[in-house]
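Participant: Next comes work.cif, mmCIF, C-alpha atoms; chains and numbers go by the auth columns:
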data_coords
loop_
_atom_site.group_PDB
_atom_site.id
_atom_site.type_symbol
_atom_site.label_atom_id
_atom_site.label_comp_id
_atom_site.label_asym_id
_atom_site.label_seq_id
_atom_site.Cartn_x
_atom_site.Cartn_y
_atom_site.Cartn_z
_atom_site.B_iso_or_equiv
_atom_site.auth_seq_id
_atom_site.auth_asym_id
ATOM 1 C CA MET A 1 316.965 103.764 21.327 0.00 955 A
ATOM 2 C CA ARG A 2 314.926 106.922 21.668 0.00 956 A
ATOM 3 C CA ILE A 3 312.506 107.871 18.910 0.00 957 A
ATOM 4 C CA ARG A 4 313.849 111.402 18.459 0.00 958 A
ATOM 5 C CA PRO A 5 315.003 110.789 14.852 0.00 959 A
ATOM 6 C CA MET A 6 311.439 110.063 13.679 0.00 960 A
ATOM 7 C CA PHE A 7 310.129 113.100 15.536 0.00 961 A
ATOM 8 C CA ALA A 8 312.832 115.272 13.986 0.00 962 A
ATOM 9 C CA ILE A 9 312.105 113.957 10.498 0.00 963 A
ATOM 10 C CA ALA A 10 308.409 114.615 10.896 0.00 964 A
ATOM 11 C CA LEU A 11 309.013 118.174 11.994 0.00 965 A
ATOM 12 C CA CYS A 12 311.601 119.057 9.398 0.00 966 A
ATOM 13 C CA LEU A 13 309.272 117.911 6.627 0.00 967 A
ATOM 14 C CA ALA A 14 306.082 119.201 8.174 0.00 968 A
ATOM 15 C CA ALA A 15 306.376 122.718 6.813 0.00 969 A
ATOM 16 C CA LEU A 16 308.636 122.207 3.800 0.00 970 A
ATOM 17 C CA ALA A 17 306.792 122.906 0.585 0.00 971 A
ATOM 18 C CA PRO A 18 307.509 123.421 -3.134 0.00 972 A
ATOM 19 C CA GLU A 19 309.174 126.675 -4.069 0.00 973 A
ATOM 20 C CA SER A 20 306.923 129.355 -5.474 0.00 974 A
ATOM 21 C CA ARG A 21 307.626 132.415 -7.587 0.00 975 A
ATOM 22 C CA ALA A 22 304.574 134.190 -6.270 0.00 976 A
ATOM 23 C CA ALA A 23 305.403 137.049 -3.964 0.00 977 A
ATOM 24 C CA ALA A 24 304.219 136.779 -0.385 0.00 978 A
ATOM 25 C CA PRO A 25 301.789 139.435 0.860 0.00 979 A
ATOM 26 C CA ALA A 26 303.398 142.446 2.504 0.00 980 A
ATOM 27 C CA ALA A 27 301.470 141.709 5.681 0.00 981 A
ATOM 28 C CA ALA A 28 300.228 138.191 6.224 0.00 982 A
ATOM 29 C CA THR A 29 297.996 136.509 8.741 0.00 983 A
ATOM 30 C CA LEU A 30 298.553 133.128 10.349 0.00 984 A
ATOM 31 C CA ASP A 31 295.659 131.617 8.376 0.00 985 A
ATOM 32 C CA GLN A 32 297.021 132.910 5.057 0.00 986 A
ATOM 33 C CA VAL A 33 300.473 131.458 5.657 0.00 987 A
ATOM 34 C CA LEU A 34 299.221 128.096 6.923 0.00 988 A
ATOM 35 C CA LYS A 35 296.796 127.674 4.023 0.00 989 A
ATOM 36 C CA GLU A 36 299.547 128.354 1.499 0.00 990 A
ATOM 37 C CA VAL A 37 301.950 125.945 3.206 0.00 991 A
ATOM 38 C CA GLN A 38 299.273 123.228 3.318 0.00 992 A
ATOM 39 C CA LYS A 39 298.447 123.785 -0.348 0.00 993 A
ATOM 40 C CA ARG A 40 302.039 123.329 -1.442 0.00 994 A
ATOM 41 C CA GLN A 41 302.746 120.354 0.778 0.00 995 A
ATOM 42 C CA SER A 42 300.293 118.262 -1.209 0.00 996 A
ATOM 43 C CA ALA A 43 302.511 118.659 -4.300 0.00 997 A
ATOM 44 C CA VAL A 44 305.644 117.237 -2.649 0.00 998 A
ATOM 45 C CA LYS A 45 306.722 113.893 -4.123 0.00 999 A
ATOM 46 C CA THR A 46 310.427 114.004 -3.261 0.00 1000 A
ATOM 47 C CA LEU A 47 312.506 116.225 -1.043 0.00 1001 A
ATOM 48 C CA GLN A 48 316.278 116.530 -0.638 0.00 1002 A
ATOM 49 C CA ALA A 49 318.289 118.977 1.452 0.00 1003 A
ATOM 50 C CA ASP A 50 321.458 119.648 3.385 0.00 1004 A
ATOM 51 C CA PHE A 51 321.112 120.341 7.085 0.00 1005 A
ATOM 52 C CA THR A 52 323.043 121.449 10.121 0.00 1006 A
ATOM 53 C CA GLN A 53 322.005 120.453 13.608 0.00 1007 A
ATOM 54 C CA GLN A 54 322.910 122.021 16.938 0.00 1008 A
ATOM 55 C CA LYS A 55 321.968 120.264 20.156 0.00 1009 A
ATOM 56 C CA THR A 56 322.186 122.067 23.475 0.00 1010 A
ATOM 57 C CA LEU A 57 322.087 119.611 26.357 0.00 1011 A
ATOM 58 C CA ALA A 58 321.853 120.415 30.038 0.00 1012 A
ATOM 59 C CA LEU A 59 324.645 117.961 30.858 0.00 1013 A
ATOM 60 C CA LEU A 60 327.134 119.406 28.336 0.00 1014 A
ATOM 61 C CA ALA A 61 328.922 122.744 28.577 0.00 1015 A
ATOM 62 C CA GLU A 62 329.155 123.245 24.799 0.00 1016 A
ATOM 63 C CA PRO A 63 326.530 122.656 22.090 0.00 1017 A
ATOM 64 C CA GLN A 64 326.947 119.597 19.866 0.00 1018 A
ATOM 65 C CA ARG A 65 327.067 120.444 16.154 0.00 1019 A
ATOM 66 C CA SER A 66 326.621 118.089 13.230 0.00 1020 A
ATOM 67 C CA SER A 67 325.725 118.241 9.544 0.00 1021 A
ATOM 68 C CA GLY A 68 324.538 116.037 6.740 0.00 1022 A
ATOM 69 C CA THR A 69 321.828 115.397 4.173 0.00 1023 A
ATOM 70 C CA PHE A 70 318.416 113.826 3.965 0.00 1024 A
ATOM 71 C CA ALA A 71 316.176 112.560 1.188 0.00 1025 A
ATOM 72 C CA TYR A 72 312.469 111.745 1.190 0.00 1026 A
ATOM 73 C CA GLU A 73 310.313 109.983 -1.363 0.00 1027 A
ATOM 74 C CA LYS A 74 306.556 109.798 -1.063 0.00 1028 A
ATOM 75 C CA PRO A 75 304.862 107.918 0.461 0.00 1029 A
ATOM 76 C CA ASP A 76 307.169 106.258 2.985 0.00 1030 A
ATOM 77 C CA LYS A 77 310.919 106.407 2.356 0.00 1031 A
ATOM 78 C CA VAL A 78 313.461 108.562 4.193 0.00 1032 A
ATOM 79 C CA ARG A 79 317.257 108.529 4.248 0.00 1033 A
ATOM 80 C CA TRP A 80 318.998 110.651 6.863 0.00 1034 A
ATOM 81 C CA ASN A 81 322.818 110.868 6.707 0.00 1035 A
ATOM 82 C CA TYR A 82 324.909 112.540 9.382 0.00 1036 A
ATOM 83 C CA ALA A 83 328.332 113.198 7.860 0.00 1037 A
ATOM 84 C CA ALA A 84 330.172 115.184 10.533 0.00 1038 A
ATOM 85 C CA PRO A 85 331.521 114.961 13.120 0.00 1039 A
ATOM 86 C CA ASN A 86 330.391 111.329 13.521 0.00 1040 A
ATOM 87 C CA PRO A 87 328.851 109.463 10.584 0.00 1041 A
ATOM 88 C CA VAL A 88 325.391 107.992 11.196 0.00 1042 A
ATOM 89 C CA MET A 89 323.023 106.636 8.550 0.00 1043 A
ATOM 90 C CA MET A 90 319.316 106.191 9.121 0.00 1044 A
ATOM 91 C CA LEU A 91 316.813 104.693 6.721 0.00 1045 A
ATOM 92 C CA ILE A 92 313.064 104.268 6.987 0.00 1046 A
ATOM 93 C CA ALA A 93 311.671 101.956 4.303 0.00 1047 A
ATOM 94 C CA ASP A 94 309.332 98.973 4.067 0.00 1048 A
ATOM 95 C CA GLY A 95 308.015 99.508 7.584 0.00 1049 A
ATOM 96 C CA ARG A 96 311.423 99.350 9.249 0.00 1050 A
ATOM 97 C CA MET A 97 313.848 101.937 10.573 0.00 1051 A
ATOM 98 C CA THR A 98 317.541 101.037 10.460 0.00 1052 A
ATOM 99 C CA THR A 99 320.227 103.175 12.074 0.00 1053 A
ATOM 100 C CA PHE A 100 323.877 102.396 11.288 0.00 1054 A
ATOM 101 C CA TYR A 101 326.862 103.672 13.302 0.00 1055 A
ATOM 102 C CA PRO A 102 329.903 102.925 11.091 0.00 1056 A
ATOM 103 C CA ARG A 103 332.580 103.857 13.620 0.00 1057 A
ATOM 104 C CA LEU A 104 330.978 101.674 16.280 0.00 1058 A
ATOM 105 C CA GLY A 105 330.433 98.774 13.914 0.00 1059 A
ATOM 106 C CA ARG A 106 326.840 98.335 15.005 0.00 1060 A
ATOM 107 C CA ALA A 107 323.303 98.987 13.819 0.00 1061 A
ATOM 108 C CA GLU A 108 319.807 99.102 15.292 0.00 1062 A
ATOM 109 C CA THR A 109 316.585 98.073 13.595 0.00 1063 A
ATOM 110 C CA LEU A 110 313.077 98.970 14.634 0.00 1064 A
ATOM 111 C CA GLU A 111 309.720 97.873 13.242 0.00 1065 A
ATOM 112 C CA VAL A 112 307.641 100.995 12.618 0.00 1066 A
ATOM 113 C CA GLY A 113 304.982 99.551 10.315 0.00 1067 A
ATOM 114 C CA ARG A 114 301.992 100.099 12.580 0.00 1068 A
ATOM 115 C CA PHE A 115 303.187 103.647 13.338 0.00 1069 A
ATOM 116 C CA GLN A 116 304.119 104.436 9.749 0.00 1070 A
ATOM 117 C CA ASP A 117 300.971 106.411 8.914 0.00 1071 A
ATOM 118 C CA ARG A 118 301.536 108.567 11.979 0.00 1072 A
ATOM 119 C CA ILE A 119 305.170 109.171 11.037 0.00 1073 A
ATOM 120 C CA PHE A 120 304.544 110.003 7.395 0.00 1074 A
ATOM 121 C CA LYS A 121 301.380 112.049 7.771 0.00 1075 A
ATOM 122 C CA TYR A 122 303.753 115.025 8.063 0.00 1076 A
ATOM 123 C CA MET A 123 305.891 114.125 5.055 0.00 1077 A
ATOM 124 C CA GLY A 124 304.364 115.988 2.181 0.00 1078 A
ATOM 125 C CA ALA A 125 300.832 115.505 3.491 0.00 1079 A
ATOM 126 C CA GLY A 126 298.437 118.301 2.686 0.00 1080 A
ATOM 127 C CA ASN A 127 297.215 118.731 6.265 0.00 1081 A
ATOM 128 C CA ALA A 128 300.521 118.411 8.140 0.00 1082 A
ATOM 129 C CA ILE A 129 300.447 121.862 9.680 0.00 1083 A
ATOM 130 C CA GLY A 130 296.766 121.390 10.422 0.00 1084 A
ATOM 131 C CA GLU A 131 297.594 118.229 12.351 0.00 1085 A
ATOM 132 C CA LEU A 132 300.161 120.099 14.433 0.00 1086 A
ATOM 133 C CA ALA A 133 297.404 122.552 15.322 0.00 1087 A
ATOM 134 C CA THR A 134 295.556 119.667 16.948 0.00 1088 A
ATOM 135 C CA TRP A 135 298.232 119.397 19.634 0.00 1089 A
ATOM 136 C CA PHE A 136 299.766 122.875 19.750 0.00 1090 A
ATOM 137 C CA ASN A 137 298.686 126.469 20.147 0.00 1091 A
ATOM 138 C CA PHE A 138 300.265 128.723 17.494 0.00 1092 A
ATOM 139 C CA ARG A 139 301.728 132.170 17.986 0.00 1093 A
ATOM 140 C CA PHE A 140 302.478 133.953 14.695 0.00 1094 A
ATOM 141 C CA SER A 141 305.177 136.617 14.324 0.00 1095 A
ATOM 142 C CA ASP A 142 305.285 138.874 11.240 0.00 1096 A
ATOM 143 C CA ARG A 143 308.033 141.400 11.853 0.00 1097 A
ATOM 144 C CA LYS A 144 308.617 143.991 9.169 0.00 1098 A
ATOM 145 C CA GLY A 145 311.993 143.610 7.467 0.00 1099 A
ATOM 146 C CA GLU A 146 312.536 140.026 8.600 0.00 1100 A
ATOM 147 C CA PRO A 147 313.096 137.437 5.812 0.00 1101 A
ATOM 148 C CA THR A 148 310.955 134.864 7.614 0.00 1102 A
ATOM 149 C CA TRP A 149 307.720 134.446 9.465 0.00 1103 A
ATOM 150 C CA LYS A 150 308.018 132.715 12.817 0.00 1104 A
ATOM 151 C CA LEU A 151 305.625 130.212 14.326 0.00 1105 A
ATOM 152 C CA ASP A 152 305.912 129.407 18.017 0.00 1106 A
ATOM 153 C CA LEU A 153 304.094 126.224 19.012 0.00 1107 A
ATOM 154 C CA VAL A 154 303.198 125.442 22.606 0.00 1108 A
ATOM 155 C CA PRO A 155 301.552 122.134 23.659 0.00 1109 A
ATOM 156 C CA LYS A 156 297.845 122.207 24.376 0.00 1110 A
ATOM 157 C CA THR A 157 297.865 119.211 26.699 0.00 1111 A
ATOM 158 C CA SER A 158 300.016 117.943 29.536 0.00 1112 A
ATOM 159 C CA GLN A 159 300.486 114.666 27.660 0.00 1113 A
ATOM 160 C CA VAL A 160 302.251 116.409 24.780 0.00 1114 A
ATOM 161 C CA ALA A 161 304.125 118.687 27.184 0.00 1115 A
ATOM 162 C CA LYS A 162 305.713 115.610 28.771 0.00 1116 A
ATOM 163 C CA ARG A 163 307.720 115.205 25.553 0.00 1117 A
ATOM 164 C CA VAL A 164 307.918 118.662 23.999 0.00 1118 A
ATOM 165 C CA LYS A 165 308.114 122.019 25.740 0.00 1119 A
ATOM 166 C CA SER A 166 307.945 124.135 22.587 0.00 1120 A
ATOM 167 C CA ILE A 167 308.599 124.191 18.838 0.00 1121 A
ATOM 168 C CA THR A 168 309.635 127.168 16.709 0.00 1122 A
ATOM 169 C CA ILE A 169 309.411 127.124 12.907 0.00 1123 A
ATOM 170 C CA TRP A 170 310.854 129.823 10.642 0.00 1124 A
ATOM 171 C CA ILE A 171 309.153 130.024 7.205 0.00 1125 A
ATOM 172 C CA ASP A 172 310.805 131.878 4.337 0.00 1126 A
ATOM 173 C CA ARG A 173 308.586 134.672 3.019 0.00 1127 A
ATOM 174 C CA SER A 174 309.451 134.199 -0.633 0.00 1128 A
ATOM 175 C CA SER A 175 309.242 130.408 -0.910 0.00 1129 A
ATOM 176 C CA TYR A 176 307.083 129.364 2.063 0.00 1130 A
ATOM 177 C CA MET A 177 309.765 126.816 2.919 0.00 1131 A
ATOM 178 C CA THR A 178 311.068 126.127 6.384 0.00 1132 A
ATOM 179 C CA SER A 179 314.503 127.663 6.720 0.00 1133 A
ATOM 180 C CA LYS A 180 315.016 126.318 10.232 0.00 1134 A
ATOM 181 C CA PHE A 181 313.186 124.873 13.185 0.00 1135 A
ATOM 182 C CA GLU A 182 313.903 124.345 16.839 0.00 1136 A
ATOM 183 C CA TYR A 183 312.301 122.037 19.347 0.00 1137 A
ATOM 184 C CA VAL A 184 312.768 122.131 23.087 0.00 1138 A
ATOM 185 C CA GLU A 185 312.175 118.919 24.982 0.00 1139 A
ATOM 186 C CA ALA A 186 310.449 118.749 28.339 0.00 1140 A
ATOM 187 C CA ASP A 187 313.802 118.483 30.121 0.00 1141 A
ATOM 188 C CA GLY A 188 315.080 121.648 28.427 0.00 1142 A
ATOM 189 C CA ASP A 189 317.354 119.997 25.872 0.00 1143 A
ATOM 190 C CA THR A 190 317.190 121.950 22.606 0.00 1144 A
ATOM 191 C CA THR A 191 317.714 120.890 18.983 0.00 1145 A
ATOM 192 C CA LEU A 192 318.025 123.431 16.180 0.00 1146 A
ATOM 193 C CA TYR A 193 317.985 122.443 12.491 0.00 1147 A
ATOM 194 C CA GLU A 194 318.874 124.764 9.611 0.00 1148 A
ATOM 195 C CA PHE A 195 318.304 123.793 5.976 0.00 1149 A
ATOM 196 C CA SER A 196 319.993 124.672 2.697 0.00 1150 A
ATOM 197 C CA SER A 197 320.121 123.463 -0.911 0.00 1151 A
ATOM 198 C CA ILE A 198 316.504 122.304 -0.706 0.00 1152 A
ATOM 199 C CA ARG A 199 315.422 120.405 -3.815 0.00 1153 A
ATOM 200 C CA VAL A 200 311.774 119.556 -4.296 0.00 1154 A
ATOM 201 C CA ASN A 201 310.466 116.916 -6.710 0.00 1155 A
ATOM 202 C CA GLU A 202 313.866 116.141 -8.198 0.00 1156 A
ATOM 203 C CA PRO A 203 314.641 112.444 -8.855 0.00 1157 A
ATOM 204 C CA VAL A 204 316.202 110.591 -5.916 0.00 1158 A
ATOM 205 C CA PRO A 205 318.493 107.658 -6.798 0.00 1159 A
ATOM 206 C CA ALA A 206 316.993 104.317 -5.795 0.00 1160 A
ATOM 207 C CA ALA A 207 320.241 103.498 -3.969 0.00 1161 A
ATOM 208 C CA ALA A 208 319.482 106.284 -1.496 0.00 1162 A
ATOM 209 C CA PHE A 209 316.811 104.090 0.057 0.00 1163 A
ATOM 210 C CA LYS A 210 318.942 100.991 0.464 0.00 1164 A
ATOM 211 C CA LEU A 211 321.279 100.493 3.394 0.00 1165 A
ATOM 212 C CA GLU A 212 323.754 97.646 2.907 0.00 1166 A
ATOM 213 C CA LEU A 213 325.373 96.713 6.212 0.00 1167 A
ATOM 214 C CA PRO A 214 328.836 95.089 6.279 0.00 1168 A
ATOM 215 C CA PRO A 215 328.676 91.438 7.398 0.00 1169 A
ATOM 216 C CA THR A 216 330.729 92.208 10.519 0.00 1170 A
ATOM 217 C CA VAL A 217 328.206 94.744 11.851 0.00 1171 A
ATOM 218 C CA LYS A 218 326.376 93.761 15.017 0.00 1172 A
ATOM 219 C CA VAL A 219 322.647 94.371 14.542 0.00 1173 A
ATOM 220 C CA GLU A 220 320.359 94.902 17.532 0.00 1174 A
ATOM 221 C CA THR A 221 316.582 94.695 17.223 0.00 1175 A
ATOM 222 C CA MET A 222 314.850 97.423 19.198 0.00 1176 A
ATOM 223 C CA LYS A 223 311.271 97.794 20.384 0.00 1177 A
ATOM 224 C CA LEU A 224 309.143 100.896 20.098 0.00 1178 A
ATOM 225 C CA ASP A 225 308.122 102.179 23.523 0.00 1179 A
#
Go ahead and render the structure in this file as C-alpha cells.

Facilitator:
Amino acid sequence: MRIRPMFAIALCLAALAPESRAAAPAAATLDQVLKEVQKRQSAVKTLQADFTQQKTLALLAEPQRSSGTFAYEKPDKVRWNYAAPNPVMMLIADGRMTTFYPRLGRAETLEVGRFQDRIFKYMGAGNAIGELATWFNFRFSDRKGEPTWKLDLVPKTSQVAKRVKSITIWIDRSSYMTSKFEYVEADGDTTLYEFSSIRVNEPVPAAAFKLELPPTVKVETMKLD
C-alpha cells in the first residue's frame, strides 16, 4: 500500500482554519496570509467536510473522479470516507491506519504510531504552514477580483522532489480556509481536492472514529516503507 492517503490528509488539513468574520485586506502579502492561517489553525479541535477528488494519471485517458467526507478530531483521529464511485473507508486512530474496501471484502492495517507526530503536525497545528516552508519554496498570487489567494509550492531539495513535483493551495479570501488544493507527484500524476460544507469545531460522533469490519473480511497487515 502506498502512503498517499496520509500525505493527502496532511495537506488537506494543513491550511484549513476556523472561519472568520473579519474582512481580508484588499491587498495582502504572503507573510500576512500565512500568519493569519497559522493563527487560526491553533484553534482547530475538530474538522468535518465534504470533498471531491480528481486524479489524472499518465496511464489513463480520462481523469478518475470520486467524492466523500472526512472528519478530524484533535489530536490524532481521522476518518476518511470515499462514497462514490467505489466505497473506501479509512481510519487513523490509536496509532494504526485501517483501510477497508467493502466491495473487495478486504482491509489493510498499518502501524503508524512512530510516524504519528509527523502525520498530525499538520492537523490543526499552529505551525503547519511554517513546516511546509521548511521543504518548499512559496510563490504567492494575489490577483484582483479573484475569490482566492493561490500558493504554489515547489520542493527545495531533490529528496522531496522525488515524491512531489509541486503543490498548489487555494485559500479563500473571506475565511482563510482552503477551498481546494492540488499536488503533482514526481511522475506527473495529479490529484485535485475541492472542499465544501466545512464545519470547524462542531461535535463529531464517537462512532466516526470506529471501524467495525465484518468477520468475513480478509485483513492484511502492511509495513510502512

Participant: Selection in question (the file shown): the PyMOL selection byres ((chain A and resi 1136) around 8). Which residues does it include, as a ChimeraX atom specification?

Facilitator: /A:1121-1123,1134-1135,1137-1138,1144-1147

Participant: Write out, as a PDB file, keeping the file's coordinate frame, the residues just selected, with C-alpha atoms.

Facilitator:
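Dumped everything to again02.pdb:
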ATOM      1  CA  ILE A1121     308.599 124.191  18.838  1.00  0.00           C
ATOM      2  CA  THR A1122     309.635 127.168  16.709  1.00  0.00           C
ATOM      3  CA  ILE A1123     309.411 127.124  12.907  1.00  0.00           C
ATOM      4  CA  LYS A1134     315.016 126.318  10.232  1.00  0.00           C
ATOM      5  CA  PHE A1135     313.186 124.873  13.185  1.00  0.00           C
ATOM      6  CA  TYR A1137     312.301 122.037  19.347  1.00  0.00           C
ATOM      7  CA  VAL A1138     312.768 122.131  23.087  1.00  0.00           C
ATOM      8  CA  THR A1144     317.190 121.950  22.606  1.00  0.00           C
ATOM      9  CA  THR A1145     317.714 120.890  18.983  1.00  0.00           C
ATOM     10  CA  LEU A1146     318.025 123.431  16.180  1.00  0.00           C
ATOM     11  CA  TYR A1147     317.985 122.443  12.491  1.00  0.00           C
TER      12      TYR A1147
END

Participant: I'd like the residues picked by the PyMOL selection byres ((chain A and resi 1158) around 8) written out as a list in words, using the chain letters and numbers from the file.

Facilitator: Thr1000, Gln1002, Ala1025, Glu1027, Glu1156, Pro1157, Pro1159, Ala1160 and Ala1162 of chain A

Participant: Would you mind telling me which residue in A:Pro1109, A:Pro1169, A:Pro1029, A:Gly1059 lies nearest to Val998 of chain A when using only C-alpha atoms?

Facilitator: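 Among the listed residues, A:Pro1029 lies closest to Val998 of chain A.
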
Participant: Care to translate the PyMOL selection byres ((chain A and resi 1151) around 9) into actual residues of this file, as a PDB file with C-alpha atoms, in the frame of the given file?

Facilitator:
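To be explicit, this is the file written out as selection26.pdb:
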ATOM      1  CA  GLN A1002     316.278 116.530  -0.638  1.00  0.00           C
ATOM      2  CA  ALA A1003     318.289 118.977   1.452  1.00  0.00           C
ATOM      3  CA  ASP A1004     321.458 119.648   3.385  1.00  0.00           C
ATOM      4  CA  PHE A1005     321.112 120.341   7.085  1.00  0.00           C
ATOM      5  CA  PHE A1149     318.304 123.793   5.976  1.00  0.00           C
ATOM      6  CA  SER A1150     319.993 124.672   2.697  1.00  0.00           C
ATOM      7  CA  ILE A1152     316.504 122.304  -0.706  1.00  0.00           C
ATOM      8  CA  ARG A1153     315.422 120.405  -3.815  1.00  0.00           C
TER       9      ARG A1153
END

Participant: One number please: atom CA of Gly1067 of chain A to atom CA of Arg1050 of chain A, in Å, one decimal.

Facilitator: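 Atom-to-atom, atom CA of Gly1067 of chain A and atom CA of Arg1050 of chain A are spaced 6.5 Å apart.
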